[in-house]
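For reference, upload_4.cif (mmCIF, C-alpha atoms):
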```
data_model
#
loop_
_atom_site.label_atom_id
_atom_site.label_comp_id
_atom_site.auth_asym_id
_atom_site.auth_seq_id
_atom_site.Cartn_x
_atom_site.Cartn_y
_atom_site.Cartn_z
CA MET A 1 3.67 -19.32 -2.44
CA SER A 2 6.93 -18.37 -4.04
CA ASP A 3 8.84 -15.16 -4.50
CA PRO A 4 8.12 -13.12 -7.61
CA LYS A 5 9.65 -14.96 -10.53
CA PRO A 6 12.89 -13.48 -11.80
CA GLU A 7 11.67 -13.60 -15.40
CA LYS A 8 8.76 -11.35 -14.47
CA ARG A 9 11.15 -8.80 -13.11
CA GLN A 10 13.02 -9.11 -16.35
CA SER A 11 9.92 -8.39 -18.41
CA TRP A 12 9.39 -5.25 -16.39
CA GLU A 13 12.93 -4.16 -17.17
CA GLU A 14 12.27 -4.78 -20.84
CA GLY A 15 9.13 -2.69 -20.60
CA GLY A 16 10.90 0.58 -20.01
CA PRO A 17 9.44 4.05 -20.36
CA GLU A 18 8.80 3.71 -24.10
CA ARG A 19 6.34 0.89 -23.61
CA LEU A 20 4.54 2.77 -20.85
CA TYR A 21 4.36 5.83 -23.09
CA VAL A 22 2.76 3.77 -25.85
CA LEU A 23 0.29 2.15 -23.47
CA THR A 24 -1.04 5.45 -22.25
CA SER A 25 -0.71 7.29 -25.60
CA GLY A 26 1.76 9.56 -23.87
CA ARG A 27 -0.58 10.64 -21.13
CA SER A 28 0.70 10.81 -17.60
CA THR A 29 -2.56 11.78 -15.97
CA PRO A 30 -5.99 10.27 -16.52
CA SER A 31 -8.28 12.16 -18.92
CA ASP A 32 -11.10 11.89 -16.42
CA PRO A 33 -10.49 13.97 -13.31
CA ALA A 34 -12.30 11.41 -11.12
CA PRO A 35 -9.55 10.40 -8.71
CA LEU A 36 -8.57 6.76 -8.48
CA ASP A 37 -7.02 5.76 -5.22
CA MET A 38 -4.69 2.79 -4.87
CA VAL A 39 -7.50 1.02 -3.02
CA THR A 40 -10.37 2.04 -5.27
CA LEU A 41 -12.09 -1.27 -6.10
CA ILE A 42 -12.63 -1.99 -9.78
CA VAL A 43 -15.24 -4.43 -11.12
CA THR A 44 -15.79 -5.36 -14.77
CA ARG A 45 -19.20 -4.44 -16.20
CA ASN A 46 -18.72 -5.34 -19.87
CA GLY A 47 -16.27 -7.72 -21.48
CA PRO A 48 -13.47 -6.54 -23.77
CA GLY A 49 -14.11 -5.51 -27.35
CA SER A 50 -12.06 -7.01 -30.19
CA SER A 51 -10.06 -3.85 -30.85
CA MET A 52 -9.14 -3.27 -27.25
CA GLN A 53 -5.55 -2.88 -26.04
CA PRO A 54 -4.32 -6.17 -24.53
CA GLU A 55 -3.61 -4.51 -21.18
CA GLN A 56 -7.11 -3.08 -20.98
CA ALA A 57 -8.62 -6.42 -22.03
CA GLY A 58 -6.47 -8.01 -19.33
CA ILE A 59 -7.88 -5.66 -16.71
CA LEU A 60 -11.41 -6.60 -17.73
CA ARG A 61 -10.54 -10.28 -17.50
CA ILE A 62 -9.08 -10.18 -14.00
CA CYS A 63 -11.72 -7.83 -12.54
CA ASP A 64 -14.68 -10.21 -12.72
CA TYR A 65 -14.60 -9.86 -8.98
CA PRO A 66 -13.51 -6.65 -7.22
CA LEU A 67 -9.80 -5.85 -7.31
CA SER A 68 -8.06 -2.74 -6.00
CA VAL A 69 -6.07 -0.50 -8.33
CA ALA A 70 -2.93 -1.63 -6.46
CA GLU A 71 -3.71 -5.30 -7.14
CA ILE A 72 -4.34 -4.60 -10.82
CA SER A 73 -0.99 -2.83 -10.94
CA ALA A 74 0.70 -5.85 -9.36
CA TYR A 75 -0.92 -8.42 -11.65
CA LEU A 76 -0.22 -6.36 -14.78
CA HIS A 77 3.34 -5.52 -13.71
CA LEU A 78 2.62 -1.89 -14.52
CA PRO A 79 3.02 1.18 -12.29
CA VAL A 80 -0.11 2.47 -10.56
CA SER A 81 0.25 5.73 -12.49
CA VAL A 82 -0.08 3.85 -15.80
CA VAL A 83 -2.91 1.64 -14.57
CA THR A 84 -4.97 4.67 -13.51
CA VAL A 85 -4.71 6.09 -17.04
CA LEU A 86 -5.89 2.79 -18.54
CA LEU A 87 -8.69 2.56 -15.98
CA ALA A 88 -9.90 6.08 -16.65
CA ASP A 89 -10.60 5.06 -20.26
CA LEU A 90 -12.40 1.90 -19.15
CA LEU A 91 -14.47 3.88 -16.66
CA GLY A 92 -15.31 6.42 -19.34
CA SER A 93 -16.52 3.70 -21.71
CA GLY A 94 -18.51 1.97 -18.98
CA HIS A 95 -16.50 -1.24 -19.13
CA VAL A 96 -15.69 -1.09 -15.44
CA GLU A 97 -17.27 0.25 -12.30
CA ALA A 98 -15.26 1.90 -9.52
CA ARG A 99 -16.15 1.48 -5.88
CA ALA A 100 -14.43 4.48 -4.42
CA PRO A 101 -12.70 4.26 -1.07
CA ILE A 102 -13.80 6.28 1.89
CA PRO A 103 -13.12 9.91 0.98
CA ALA A 104 -10.11 11.47 2.61
CA THR A 105 -11.31 13.35 5.61
CA SER A 106 -9.39 14.50 8.62
CA LEU A 107 -10.46 11.46 10.62
CA PRO A 108 -12.29 8.27 9.73
CA ASP A 109 -15.69 7.94 11.31
CA VAL A 110 -16.34 5.89 14.40
CA GLU A 111 -18.58 3.33 12.75
CA LEU A 112 -15.95 2.53 10.17
CA LEU A 113 -13.27 2.17 12.86
CA GLU A 114 -15.53 -0.11 14.85
CA ALA A 115 -16.06 -2.28 11.78
CA VAL A 116 -12.29 -2.47 11.19
CA MET A 117 -11.60 -3.33 14.82
CA HIS A 118 -14.32 -5.95 14.82
CA GLY A 119 -12.87 -7.55 11.71
CA LEU A 120 -9.34 -7.54 13.10
CA GLN A 121 -10.44 -9.06 16.39
CA ASN A 122 -12.03 -11.92 14.49
CA LEU A 123 -8.84 -12.80 12.64
CA MET B 124 8.75 0.20 -31.62
CA ASP B 125 8.75 -2.39 -28.91
CA CYS B 126 5.36 -2.87 -27.40
CA LYS B 127 5.08 -6.61 -27.35
CA ILE B 128 3.15 -8.38 -24.66
CA SER B 129 5.74 -10.52 -22.99
CA GLU B 130 3.37 -12.80 -21.13
CA PRO B 131 -0.33 -13.33 -20.52
CA ILE B 132 -1.80 -11.37 -17.67
CA VAL B 133 -2.51 -13.65 -14.74
CA GLY B 134 -5.07 -12.49 -12.21
CA PRO B 135 -5.66 -13.56 -8.63
CA ARG B 136 -5.77 -17.23 -7.68
CA SER B 137 -9.28 -18.48 -6.98
CA GLU B 138 -8.66 -18.40 -3.23
CA ASP B 139 -7.53 -14.77 -3.46
CA ILE B 140 -10.72 -13.49 -5.04
CA LEU B 141 -12.74 -10.96 -3.05
CA PRO B 142 -16.49 -11.52 -2.72
CA ALA B 143 -18.57 -9.50 -5.18
CA SER B 144 -20.25 -7.84 -2.21
CA VAL B 145 -17.13 -5.95 -1.11
CA SER B 146 -17.95 -2.28 -1.38
CA THR B 147 -15.49 -0.44 0.82
CA ALA B 148 -11.71 -0.54 0.94
CA VAL B 149 -9.57 1.15 3.56
CA LYS B 150 -5.80 1.30 3.88
CA VAL B 151 -3.13 1.50 6.51
CA VAL B 152 0.51 2.28 5.74
CA ILE B 153 3.45 0.53 7.41
CA VAL B 154 6.48 2.85 7.30
CA GLY B 155 10.04 2.08 8.22
CA GLY B 156 13.65 1.83 7.08
CA PHE B 157 15.11 -0.97 5.00
CA GLY B 158 15.12 -4.34 6.70
CA VAL B 159 12.96 -3.24 9.58
CA GLY B 160 10.32 -5.86 8.81
CA LYS B 161 7.59 -4.00 6.90
CA THR B 162 7.02 -6.81 4.41
CA THR B 163 7.25 -9.37 7.21
CA LEU B 164 4.49 -7.58 9.10
CA VAL B 165 2.33 -7.20 5.99
CA GLY B 166 2.88 -10.86 5.13
CA SER B 167 2.09 -12.17 8.59
CA VAL B 168 -1.42 -10.70 8.68
CA SER B 169 -2.26 -10.61 4.98
CA GLU B 170 -4.69 -13.18 3.60
CA ILE B 171 -2.90 -13.05 0.26
CA ARG B 172 0.77 -13.51 -0.46
CA PRO B 173 2.08 -9.91 -0.46
CA LEU B 174 1.92 -8.35 -3.91
CA THR B 175 4.29 -5.80 -5.32
CA THR B 176 3.51 -2.61 -7.14
CA GLU B 177 6.30 -0.63 -8.70
CA GLU B 178 6.96 2.98 -9.50
CA THR B 179 9.88 4.46 -11.34
CA MET B 180 11.98 6.88 -9.39
CA THR B 181 13.49 9.54 -11.58
CA GLN B 182 16.79 11.30 -11.21
CA ALA B 183 15.32 14.15 -9.20
CA GLY B 184 14.63 11.85 -6.30
CA VAL B 185 18.05 10.24 -6.25
CA GLY B 186 21.05 11.11 -4.16
CA VAL B 187 19.22 12.93 -1.40
CA ASP B 188 20.50 10.56 1.22
CA ASP B 189 23.65 8.62 1.61
CA THR B 190 22.84 5.18 0.21
CA ALA B 191 25.97 4.30 -1.69
CA GLY B 192 25.57 3.10 -5.23
CA VAL B 193 22.23 4.70 -5.94
CA GLU B 194 23.62 8.03 -7.06
CA ARG B 195 24.96 6.74 -10.34
CA LYS B 196 21.58 5.52 -11.48
CA THR B 197 19.35 7.86 -13.38
CA GLU B 198 16.27 5.73 -12.93
CA THR B 199 15.38 3.25 -10.23
CA THR B 200 12.37 1.06 -9.86
CA VAL B 201 10.95 1.22 -6.36
CA ALA B 202 8.84 -1.68 -5.23
CA MET B 203 6.12 -1.37 -2.65
CA ASP B 204 4.74 -4.53 -1.09
CA PHE B 205 1.17 -4.73 0.06
CA GLY B 206 -1.26 -7.20 1.52
CA ARG B 207 -4.95 -7.50 2.16
CA ILE B 208 -7.31 -8.47 4.99
CA SER B 209 -11.01 -9.06 4.37
CA LEU B 210 -12.76 -7.71 7.43
CA SER B 211 -16.31 -8.57 6.42
CA GLU B 212 -18.35 -9.28 3.32
CA GLU B 213 -18.35 -5.55 2.59
CA LEU B 214 -15.12 -4.22 4.04
CA VAL B 215 -11.50 -4.90 3.07
CA LEU B 216 -8.30 -3.50 4.54
CA TYR B 217 -5.13 -3.03 2.49
CA LEU B 218 -1.72 -2.76 4.12
CA PHE B 219 1.08 -0.99 2.28
CA GLY B 220 4.69 -1.16 3.34
CA THR B 221 6.69 1.86 2.23
CA PRO B 222 10.28 2.90 2.85
CA GLY B 223 10.71 5.82 5.19
CA GLN B 224 13.78 7.47 3.71
CA GLN B 225 13.32 10.95 2.38
CA ARG B 226 14.16 10.00 -1.18
CA PHE B 227 11.12 7.73 -1.28
CA TRP B 228 8.71 10.34 -0.08
CA PHE B 229 7.51 10.80 -3.66
CA LEU B 230 5.77 7.45 -3.18
CA TRP B 231 3.75 8.97 -0.38
CA ASN B 232 1.61 11.09 -2.67
CA GLY B 233 -1.58 9.17 -3.12
CA LEU B 234 -0.53 6.57 -0.61
CA PHE B 235 -1.42 8.50 2.52
CA GLU B 236 -4.42 10.27 1.03
CA GLY B 237 -7.42 8.59 2.56
CA ALA B 238 -5.29 6.24 4.66
CA LEU B 239 -6.72 5.56 8.10
CA GLY B 240 -3.28 5.98 9.63
CA ALA B 241 0.21 4.56 9.81
CA VAL B 242 2.31 2.16 11.84
CA VAL B 243 5.91 3.33 12.11
CA LEU B 244 7.97 0.18 12.46
CA ILE B 245 11.25 0.60 14.30
CA ASP B 246 14.42 -1.36 14.91
CA THR B 247 15.98 -0.33 18.25
CA ARG B 248 19.43 -0.54 16.66
CA ARG B 249 18.53 2.28 14.28
CA LEU B 250 16.16 4.55 16.13
CA GLU B 251 17.39 7.62 14.29
CA ASP B 252 16.05 6.23 11.00
CA SER B 253 12.53 6.93 12.20
CA PHE B 254 12.88 10.57 13.23
CA ASP B 255 12.38 12.08 9.78
CA VAL B 256 9.49 9.76 9.06
CA MET B 257 7.58 10.71 12.17
CA GLY B 258 8.18 14.40 11.53
CA ARG B 259 6.91 14.00 8.01
CA LEU B 260 3.77 12.15 9.14
CA GLU B 261 3.06 14.90 11.63
CA GLU B 262 3.43 17.52 8.91
CA ARG B 263 0.98 15.63 6.72
CA GLY B 264 -1.46 15.16 9.58
CA VAL B 265 -1.32 11.37 9.35
CA PRO B 266 -2.08 9.75 12.72
CA PHE B 267 0.39 7.03 13.63
CA ILE B 268 1.57 4.67 16.31
CA VAL B 269 5.08 3.33 16.82
CA ALA B 270 5.73 -0.41 16.83
CA ILE B 271 9.10 -1.68 18.00
CA ASN B 272 9.91 -4.79 15.99
CA ALA B 273 11.53 -7.23 18.38
CA PHE B 274 14.60 -8.52 16.58
CA PRO B 275 16.21 -11.34 18.56
CA ASP B 276 19.65 -9.74 18.42
CA ALA B 277 18.52 -6.16 19.03
CA PRO B 278 18.79 -4.66 22.50
CA HIS B 279 15.50 -4.54 24.33
CA TYR B 280 14.50 -1.31 25.98
CA ALA B 281 11.45 -0.55 28.04
CA VAL B 282 8.90 1.66 26.31
CA PRO B 283 9.48 4.66 28.62
CA GLU B 284 13.19 4.54 27.79
CA LEU B 285 12.47 4.46 24.08
CA ARG B 286 9.98 7.27 24.42
CA LYS B 287 12.65 9.36 26.05
CA ALA B 288 15.29 8.40 23.49
CA MET B 289 12.98 9.33 20.63
CA ASP B 290 11.63 12.38 22.45
CA LEU B 291 8.04 11.33 21.79
CA PRO B 292 5.15 12.80 23.79
CA GLU B 293 2.85 10.58 25.84
CA SER B 294 0.17 11.01 23.20
CA VAL B 295 2.11 8.86 20.74
CA ARG B 296 1.54 5.18 21.43
CA ILE B 297 4.53 2.88 21.44
CA ILE B 298 4.13 -0.88 21.47
CA ASP B 299 6.35 -3.92 21.21
CA CYS B 300 5.69 -6.07 18.18
CA ASP B 301 6.94 -9.26 16.55
CA ALA B 302 6.32 -8.67 12.86
CA ARG B 303 6.68 -12.41 12.16
CA ASP B 304 3.76 -13.21 14.42
CA ARG B 305 0.28 -12.85 13.01
CA ALA B 306 -1.39 -12.06 16.32
CA SER B 307 1.28 -9.53 17.25
CA SER B 308 1.00 -7.76 13.88
CA ARG B 309 -2.77 -7.75 14.17
CA ASP B 310 -2.46 -6.24 17.65
CA ALA B 311 -0.32 -3.45 16.22
CA LEU B 312 -3.13 -2.66 13.77
CA LEU B 313 -5.69 -2.83 16.55
CA THR B 314 -3.60 -0.42 18.63
CA LEU B 315 -3.64 2.01 15.71
CA MET B 316 -7.42 1.64 15.36
CA ARG B 317 -7.98 2.21 19.09
CA TYR B 318 -5.80 5.28 18.88
CA LEU B 319 -7.80 6.61 15.91
CA TYR B 320 -10.96 5.82 17.80
CA SER B 321 -9.75 7.78 20.80
CA LEU B 322 -8.96 10.77 18.57
CA ASN B 323 -12.49 10.59 17.33
CA THR B 324 -14.44 10.20 20.51
CA THR B 325 -14.50 11.68 23.93
CA THR B 326 -15.63 8.43 25.47
CA THR B 327 -13.25 5.78 26.72
CA GLU B 328 -11.83 3.61 24.01
CA PRO B 329 -13.07 0.05 23.54
CA GLN B 330 -11.05 -2.74 25.03
#
```

Please express what this file holds, its structure, as structure tokens.
Amino acid sequence: MSDPKPEKRQSWEEGGPERLYVLTSGRSTPSDPAPLDMVTLIVTRNGPGSSMQPEQAGILRICDYPLSVAEISAYLHLPVSVVTVLLADLLGSGHVEARAPIPATSLPDVELLEAVMHGLQNL
Amino acid sequence: MDCKISEPIVGPRSEDILPASVSTAVKVVIVGGFGVGKTTLVGSVSEIRPLTTEETMTQAGVGVDDTAGVERKTETTVAMDFGRISLSEELVLYLFGTPGQQRFWFLWNGLFEGALGAVVLIDTRRLEDSFDVMGRLEERGVPFIVAINAFPDAPHYAVPELRKAMDLPESVRIIDCDARDRASSRDALLTLMRYLYSLNTTTTEPQ
């Protein structure tokens, strides 16, 4: 229960755009057009291979149980835009499964809202 | 080429792990100016310590408003705090706090897509900060409610007065809120949900 450690901030600073460019092989958008939302839940299906990028192996390690794209971004100290590129590869290779959020419609349906309200009332 | 891994990747603590059965995630966005209490609100209802995700703001987004000192930077890292509430074994709600100023609107792409709605958090000492935000939400078709964060040293106005001062129609719900208080923050979220529910049904909203 402490504030983010200063040294972690520092490591982000050290990262810089070059590192992010290397991580994604220069891609700024995922190769797979399947959209990943910040709250798409990711679950590991297969463990990392020996030749895998450390960041991708790290994702597989922390996603034993469902984690949102935003949480993965926070734990990896990488921007969401970079994480979605890494995840697209892992989805393509079947290493992870994505549980997509409710699709963006004009209004959420009543049953979903009732479930949210019920959950909030029980807090 | 510098691509070293500076530290091992640490995942969630055991108590922060979601059940494997969780299948659906929804999100709500808390919008407001600096220091208005977004992270406080997220933290008071979140079951996890708020996490931070960062995006890099490029030069194009800088200097649009009058925050002194930012203009000289060519690149700024913008942090967005978020929290999480497990609502059932299948359903989880994420809360994102995002700054309302126009130069941060680039963060909104992807953030509001699929969001249930937004809570605009307001400090009565700086009502004008919220005008652009609410206009922008309307443009994007994002349903929202307004929560007045009760700062001890801020003047207290009755809701009708605030409604008049902000020129908001009756259809926009305004509530008082204490972002530090878990129940009060939860009630703000419930108010948003009831509002969404009312938009979606012709029947009376649940109590």

Practice prompt. Measure the distance from atom CA of A:Met38 to atom CA of B:Leu234 in Å and round it to one decimal.
Written response: 7.1 Å

Worksheet entry | Matched chain/residue IDs from the PyMOL selection byres ((chain B and resi 247) around 10), as a PyMOL selection string | chain B and resi 159+244-246+248-252+271-274+277-280+285

A:Asp64 environment, 10 Å, only C-alpha atoms, sequence neighbours closer than 5 positions dropped, as an mmCIF file with C-alpha atoms, in the frame of the given file:
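Ended up saving to around_0.cif:
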```
data_model
loop_
_atom_site.group_PDB
_atom_site.id
_atom_site.type_symbol
_atom_site.label_atom_id
_atom_site.label_comp_id
_atom_site.auth_asym_id
_atom_site.auth_seq_id
_atom_site.Cartn_x
_atom_site.Cartn_y
_atom_site.Cartn_z
ATOM 1 C CA ILE A 42 -12.630 -1.990 -9.780
ATOM 2 C CA VAL A 43 -15.240 -4.430 -11.120
ATOM 3 C CA THR A 44 -15.790 -5.360 -14.770
ATOM 4 C CA ARG A 45 -19.200 -4.440 -16.200
ATOM 5 C CA ASN A 46 -18.720 -5.340 -19.870
ATOM 6 C CA GLY A 47 -16.270 -7.720 -21.480
ATOM 7 C CA ILE A 59 -7.880 -5.660 -16.710
ATOM 8 C CA VAL A 96 -15.690 -1.090 -15.440
ATOM 9 C CA GLY B 134 -5.070 -12.490 -12.210
ATOM 10 C CA ILE B 140 -10.720 -13.490 -5.040
ATOM 11 C CA LEU B 141 -12.740 -10.960 -3.050
ATOM 12 C CA ALA B 143 -18.570 -9.500 -5.180
#
```

Worksheet entry | Resolved residues for the PyMOL selection byres ((chain B) within 7 of (chain A)) as a PyMOL selection string | chain B and resi 125-126+129+132-134+140-143+146-149+172+174-178+210-211+233+236-237+239+309+313+316+320+323

Fill in: Residue among A:Gly92, A:Ser51, A:Val85, A:Leu60 lying closest to A:Thr24, counting all atoms listed in the file
A:Val85

Discussion item. Running the PyMOL selection byres ((chain B and resi 241) around 9) on this model by hand, what would come out? Give it as a PyMOL selection string.
Written reply: chain B and resi 151-154+235+238-240+242-243+260+265-269+312+315

Could those residues be written to a file, using C-alpha atoms, as a compact mmCIF listing (two decimals), keeping the file's coordinate frame?
```
# COMPACT_ATOMS: atom_id res chain seq x y z
CA VAL B 151 -3.13 1.50 6.51
CA VAL B 152 0.51 2.28 5.74
CA ILE B 153 3.45 0.53 7.41
CA VAL B 154 6.48 2.85 7.30
CA PHE B 235 -1.42 8.50 2.52
CA ALA B 238 -5.29 6.24 4.66
CA LEU B 239 -6.72 5.56 8.10
CA GLY B 240 -3.28 5.98 9.63
CA VAL B 242 2.31 2.16 11.84
CA VAL B 243 5.91 3.33 12.11
CA LEU B 260 3.77 12.15 9.14
CA VAL B 265 -1.32 11.37 9.35
CA PRO B 266 -2.08 9.75 12.72
CA PHE B 267 0.39 7.03 13.63
CA ILE B 268 1.57 4.67 16.31
CA VAL B 269 5.08 3.33 16.82
CA LEU B 312 -3.13 -2.66 13.77
CA LEU B 315 -3.64 2.01 15.71
```

The centre and edge lengths of an axis-aligned box containing all atoms of stretch 286-292 of chain B present in the file, extended by 5 Å on each side, are to be given in Å to one decimal, as JSON.
```
{"center_x": 10.2, "center_y": 10.0, "center_z": 23.3, "size_x": 20.1, "size_y": 15.5, "size_z": 15.4}
```

Item to complete: Find the distance between atom CA of B:Asp255 and atom CA of B:Arg305 and write it in Å to one decimal.
Response: 27.9 Å

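Going from atom CA of B:Met257 over to atom CA of B:Lys150, you cover 18.3 Å.
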